[in-house]
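Pasted below: query-v7.cif, mmCIF, C-alpha atoms.
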```cif
data_start
#
loop_
_atom_site.group_PDB
_atom_site.id
_atom_site.type_symbol
_atom_site.label_atom_id
_atom_site.label_comp_id
_atom_site.auth_asym_id
_atom_site.auth_seq_id
_atom_site.Cartn_x
_atom_site.Cartn_y
_atom_site.Cartn_z
ATOM 1 C CA ARG A 1 0.000 0.000 0.000
ATOM 2 C CA LYS A 2 1.452 3.338 -1.015
ATOM 3 C CA ARG A 3 1.522 5.936 1.749
ATOM 4 C CA PRO A 4 0.920 9.652 1.183
ATOM 5 C CA LYS A 5 4.136 11.653 1.021
ATOM 6 C CA GLY A 6 2.965 14.979 2.447
ATOM 7 C CA SER A 7 0.941 18.045 1.710
ATOM 8 C CA ALA A 8 1.939 20.872 -0.612
ATOM 9 C CA ARG A 9 3.422 22.753 2.362
ATOM 10 C CA GLY A 10 5.867 19.924 3.069
ATOM 11 C CA ARG A 11 4.121 18.620 6.164
ATOM 12 C CA PRO A 12 3.264 14.932 6.433
ATOM 13 C CA GLU A 13 -0.354 13.965 6.064
ATOM 14 C CA ALA A 14 -2.386 13.757 9.281
ATOM 15 C CA GLY A 15 -1.807 10.450 11.002
ATOM 16 C CA GLU A 16 1.235 9.630 8.886
ATOM 17 C CA GLY A 17 3.664 7.485 10.827
ATOM 18 C CA GLU A 18 0.952 6.307 13.184
ATOM 19 C CA GLY A 19 -1.037 3.083 13.147
ATOM 20 C CA GLU A 20 -0.351 0.500 10.462
ATOM 21 C CA GLY A 21 3.354 -0.105 9.943
ATOM 22 C CA ALA A 22 4.445 2.373 12.602
ATOM 23 C CA LEU A 23 7.304 1.302 14.814
ATOM 24 C CA SER A 24 6.199 1.083 18.415
ATOM 25 C CA THR A 25 9.419 0.294 20.259
ATOM 26 C CA HIS A 26 11.576 2.956 21.901
ATOM 27 C CA MET A 27 14.799 3.893 20.109
ATOM 28 C CA ALA A 28 17.305 6.046 21.972
ATOM 29 C CA PRO A 29 19.957 8.423 20.675
ATOM 30 C CA VAL A 30 23.372 6.833 20.395
ATOM 31 C CA SER A 31 25.754 7.324 23.300
ATOM 32 C CA GLN A 32 29.365 8.235 22.655
ATOM 33 C CA HIS A 33 30.351 4.728 23.744
ATOM 34 C CA SER A 34 28.150 2.891 21.228
ATOM 35 C CA SER A 35 29.807 0.588 18.700
ATOM 36 C CA GLY A 36 27.240 1.479 16.015
ATOM 37 C CA VAL A 37 24.922 -1.500 16.378
ATOM 38 C CA SER A 38 23.171 -3.101 19.299
ATOM 39 C CA GLY A 39 21.465 -6.317 18.254
ATOM 40 C CA LEU A 40 18.592 -5.274 16.022
ATOM 41 C CA PHE A 41 19.579 -1.594 15.915
ATOM 42 C CA THR A 42 21.669 0.307 13.378
ATOM 43 C CA THR A 43 23.397 3.645 13.955
ATOM 44 C CA VAL A 44 22.346 6.334 11.494
ATOM 45 C CA THR A 45 24.256 9.620 11.320
ATOM 46 C CA PHE A 46 22.285 12.479 9.775
ATOM 47 C CA LYS A 47 24.172 15.375 8.164
ATOM 48 C CA VAL A 48 22.490 18.411 6.625
ATOM 49 C CA SER A 49 23.546 22.009 6.001
ATOM 50 C CA CYS A 50 21.112 24.717 7.035
ATOM 51 C CA GLU A 51 21.500 28.443 7.637
ATOM 52 C CA THR A 52 19.614 29.315 10.791
ATOM 53 C CA CYS A 53 19.189 32.189 13.221
ATOM 54 C CA PHE A 54 20.789 32.245 16.668
ATOM 55 C CA GLY A 55 18.629 30.170 19.034
ATOM 56 C CA ASP A 56 17.043 28.029 16.303
ATOM 57 C CA ALA A 57 16.997 24.249 16.632
ATOM 58 C CA LEU A 58 17.261 21.948 13.616
ATOM 59 C CA VAL A 59 15.263 18.758 14.086
ATOM 60 C CA VAL A 60 14.790 15.504 12.179
ATOM 61 C CA THR A 61 11.180 14.347 12.437
ATOM 62 C CA GLY A 62 9.588 11.312 10.869
ATOM 63 C CA ASN A 63 7.737 8.030 11.230
ATOM 64 C CA ALA A 64 9.918 6.660 14.058
ATOM 65 C CA PRO A 65 9.396 7.452 17.765
ATOM 66 C CA THR A 66 13.024 8.613 18.099
ATOM 67 C CA LEU A 67 12.211 11.206 15.441
ATOM 68 C CA GLY A 68 9.044 12.345 17.208
ATOM 69 C CA SER A 69 6.466 10.444 15.113
ATOM 70 C CA TRP A 70 6.005 13.517 12.863
ATOM 71 C CA LYS A 71 5.818 15.913 15.822
ATOM 72 C CA PRO A 72 8.785 18.315 15.366
ATOM 73 C CA GLU A 73 8.770 19.464 18.981
ATOM 74 C CA LYS A 74 9.492 15.806 19.914
ATOM 75 C CA GLY A 75 11.898 15.194 17.034
ATOM 76 C CA PHE A 76 15.619 14.471 17.193
ATOM 77 C CA LYS A 77 17.647 17.669 17.583
ATOM 78 C CA LEU A 78 20.793 17.911 15.510
ATOM 79 C CA GLU A 79 23.878 19.755 16.709
ATOM 80 C CA THR A 80 26.310 22.211 15.173
ATOM 81 C CA SER A 81 29.257 24.276 16.369
ATOM 82 C CA PRO A 82 30.835 27.582 15.314
ATOM 83 C CA HIS A 83 33.544 25.560 13.535
ATOM 84 C CA GLU A 84 31.094 23.252 11.669
ATOM 85 C CA TYR A 85 28.197 25.665 10.959
ATOM 86 C CA PRO A 86 26.135 25.546 8.730
ATOM 87 C CA LEU A 87 26.549 21.734 8.962
ATOM 88 C CA TRP A 88 24.263 20.065 11.517
ATOM 89 C CA THR A 89 24.744 16.420 12.576
ATOM 90 C CA GLY A 90 23.383 13.780 14.937
ATOM 91 C CA LYS A 91 23.430 10.013 15.511
ATOM 92 C CA VAL A 92 20.421 7.866 16.365
ATOM 93 C CA GLN A 93 19.726 4.148 16.558
ATOM 94 C CA LEU A 94 16.947 2.727 14.403
ATOM 95 C CA HIS A 95 15.769 -0.826 13.908
ATOM 96 C CA THR A 96 17.642 -2.681 11.179
ATOM 97 C CA GLY A 97 15.386 -3.132 8.142
ATOM 98 C CA PHE A 98 13.150 -0.159 9.036
ATOM 99 C CA SER A 99 11.686 1.948 6.192
ATOM 100 C CA LEU A 100 12.171 5.465 7.506
ATOM 101 C CA GLU A 101 10.382 8.545 6.173
ATOM 102 C CA TYR A 102 11.525 11.912 7.501
ATOM 103 C CA LYS A 103 11.975 15.655 7.007
ATOM 104 C CA TYR A 104 14.082 18.355 8.605
ATOM 105 C CA THR A 105 12.376 21.197 10.449
ATOM 106 C CA ILE A 106 13.633 24.401 12.040
ATOM 107 C CA LEU A 107 12.177 25.245 15.445
ATOM 108 C CA ARG A 108 12.239 29.034 15.885
ATOM 109 C CA GLY A 109 10.491 30.017 19.091
ATOM 110 C CA ASN A 110 6.884 28.830 18.666
ATOM 111 C CA GLU A 111 7.248 28.587 14.867
ATOM 112 C CA VAL A 112 7.966 25.352 12.959
ATOM 113 C CA ILE A 113 9.564 25.735 9.528
ATOM 114 C CA TRP A 114 9.195 22.560 7.448
ATOM 115 C CA GLU A 115 11.214 21.607 4.403
ATOM 116 C CA GLU A 116 9.028 22.503 1.423
ATOM 117 C CA GLY A 117 8.729 21.307 -2.138
ATOM 118 C CA LEU A 118 9.974 17.818 -1.367
ATOM 119 C CA VAL A 119 8.363 14.473 -0.854
ATOM 120 C CA ASN A 120 9.340 12.886 2.426
ATOM 121 C CA ARG A 121 12.977 11.860 2.584
ATOM 122 C CA THR A 122 13.355 8.081 2.817
ATOM 123 C CA LEU A 123 15.931 5.639 4.128
ATOM 124 C CA ARG A 124 15.910 1.878 4.578
ATOM 125 C CA THR A 125 18.168 0.897 7.460
ATOM 126 C CA SER A 126 20.489 -2.004 6.819
ATOM 127 C CA ASN A 127 22.876 -4.211 8.726
ATOM 128 C CA GLU A 128 25.581 -1.545 8.358
ATOM 129 C CA ILE A 129 26.433 1.794 9.952
ATOM 130 C CA LEU A 130 24.859 4.528 7.816
ATOM 131 C CA VAL A 131 26.068 8.114 7.317
ATOM 132 C CA VAL A 132 23.388 10.097 5.473
ATOM 133 C CA ASN A 133 24.568 13.326 3.822
ATOM 134 C CA ASP A 134 21.322 15.092 2.922
ATOM 135 C CA GLY A 135 23.036 18.151 1.415
ATOM 136 C CA TRP A 136 21.076 21.311 2.205
ATOM 137 C CA PHE A 137 17.741 21.945 3.941
ATOM 138 C CA ASN A 138 15.154 21.884 1.087
ATOM 139 C CA GLY A 139 17.775 20.238 -1.130
ATOM 140 C CA ILE A 140 18.490 16.782 -2.467
ATOM 141 C CA ARG A 141 20.515 14.029 -0.832
ATOM 142 C CA VAL A 142 24.220 13.972 -1.657
ATOM 143 C CA ASP A 143 24.951 10.382 -0.634
ATOM 144 C CA VAL A 144 24.652 7.612 1.927
ATOM 145 C CA GLN A 145 27.915 6.086 3.107
ATOM 146 C CA THR A 146 27.972 2.655 4.704
ATOM 147 C CA LYS A 147 30.504 1.082 7.025
ATOM 148 C CA PRO A 148 30.680 -2.558 7.991
ATOM 149 C CA LEU A 149 29.558 -3.200 11.556
ATOM 150 C CA ASN A 150 33.066 -4.173 12.666
ATOM 151 C CA GLU A 151 34.432 -0.666 11.911
ATOM 152 C CA GLY A 152 32.451 0.965 14.723
ATOM 153 C CA GLY A 153 30.604 4.292 14.693
#
```
Would you put the structure from the file into structure tokens?
Amino acid sequence: RKRPKGSARGRPEAGEGEGEGALSTHMAPVSQHSSGVSGLFTTVTFKVSCETCFGDALVVTGNAPTLGSWKPEKGFKLETSPHEYPLWTGKVQLHTGFSLEYKYTILRGNEVIWEEGLVNRTLRTSNEILVVNDGWFNGIRVDVQTKPLNEGG
């Protein structure tokens, strides 16, 4: 069954990521001591460039609980630094074999700024460590690099 990809404003359809096919187990962010995989989980590193204002948060939100189940205020916050800006990054653990749909959002005070003009970004987790370079906010993916599990995260 094909799922809707989002409205014209870039937001997922109501109820998307909930109910049928939604992942119901808890997935935590990766600790600095993680080897990249824990049993049925795969480490995914998200990388995206985004010019933001001071105090903004850049969040990955999608159809997994770790990503807030399409609720940006509960999504996974990426991090940047003065040296790395405008690149934002973060590592999470997702179930191996999971079909992830997601978008980046900027949280600016009480405002949520969604990526626009794109269908939902997608990723199928595999039995490898994944590094996803999504290019720029509102842009297209550059690449996905994979590392064998024995190389660590």
Task: Among the residues A:Thr96, A:Thr105, A:Asn110, A:Thr43, the one that comes closest to A:Trp70 [using all atoms listed in the file] - done: A:Thr105
TODO: I would like the residues chosen by the PyMOL selection byres ((chain A and resi 123-138) around 9) on the shown file; could you give them as a ChimeraX atom specification?
DONE: /A:36-37,40-51,87,91,94-102,104-105,114-118,121-122,139-149,151-153
Hey, what's within 7 Å of stretch 71-82 of chain A if we count all atoms listed in the file and toss same-chain stuff fewer than 2 positions away? As a PDB file with C-alpha atoms, in the coordinates of the input, please?
```
ATOM      1  CA  ALA A  57      16.997  24.249  16.632  1.00  0.00           C
ATOM      2  CA  LEU A  58      17.261  21.948  13.616  1.00  0.00           C
ATOM      3  CA  VAL A  59      15.263  18.758  14.086  1.00  0.00           C
ATOM      4  CA  VAL A  60      14.790  15.504  12.179  1.00  0.00           C
ATOM      5  CA  THR A  61      11.180  14.347  12.437  1.00  0.00           C
ATOM      6  CA  THR A  66      13.024   8.613  18.099  1.00  0.00           C
ATOM      7  CA  LEU A  67      12.211  11.206  15.441  1.00  0.00           C
ATOM      8  CA  GLY A  68       9.044  12.345  17.208  1.00  0.00           C
ATOM      9  CA  SER A  69       6.466  10.444  15.113  1.00  0.00           C
ATOM     10  CA  GLU A  84      31.094  23.252  11.669  1.00  0.00           C
ATOM     11  CA  TYR A  85      28.197  25.665  10.959  1.00  0.00           C
ATOM     12  CA  LEU A  87      26.549  21.734   8.962  1.00  0.00           C
ATOM     13  CA  TRP A  88      24.263  20.065  11.517  1.00  0.00           C
ATOM     14  CA  THR A  89      24.744  16.420  12.576  1.00  0.00           C
ATOM     15  CA  GLY A  90      23.383  13.780  14.937  1.00  0.00           C
ATOM     16  CA  THR A 105      12.376  21.197  10.449  1.00  0.00           C
TER      17      THR A 105
END
```
Open item on the list: One number please: atom CA of A:Pro65 to atom CA of A:Gln93, in Å, one decimal.
Closed with: 10.9 Å
- [ ] Measuring atom to atom with all atoms listed in the file, identify which of A:Pro86, A:Thr52, A:Arg108, A:Lys103 is nearest to A:Asn120.
- [x]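 Using all atoms listed in the file, the shortest distance to A:Asn120 belongs to A:Lys103.
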Each side padded by 3 Å, which centre and which edge lengths in Å (one decimal) define the axis-aligned box around the listed atoms of stretch 59-74 of chain A? Give them as lines of an AutoDock Vina configuration file.
```
center_x = 10.5
center_y = 13.1
center_z = 15.4
size_x = 15.4
size_y = 18.8
size_z = 15.0
```
Task: Pick from A:Ala64, A:Ile106, A:Gly55, A:Val112 nearest to A:Val92, counting all atoms listed in the file - done: A:Ala64
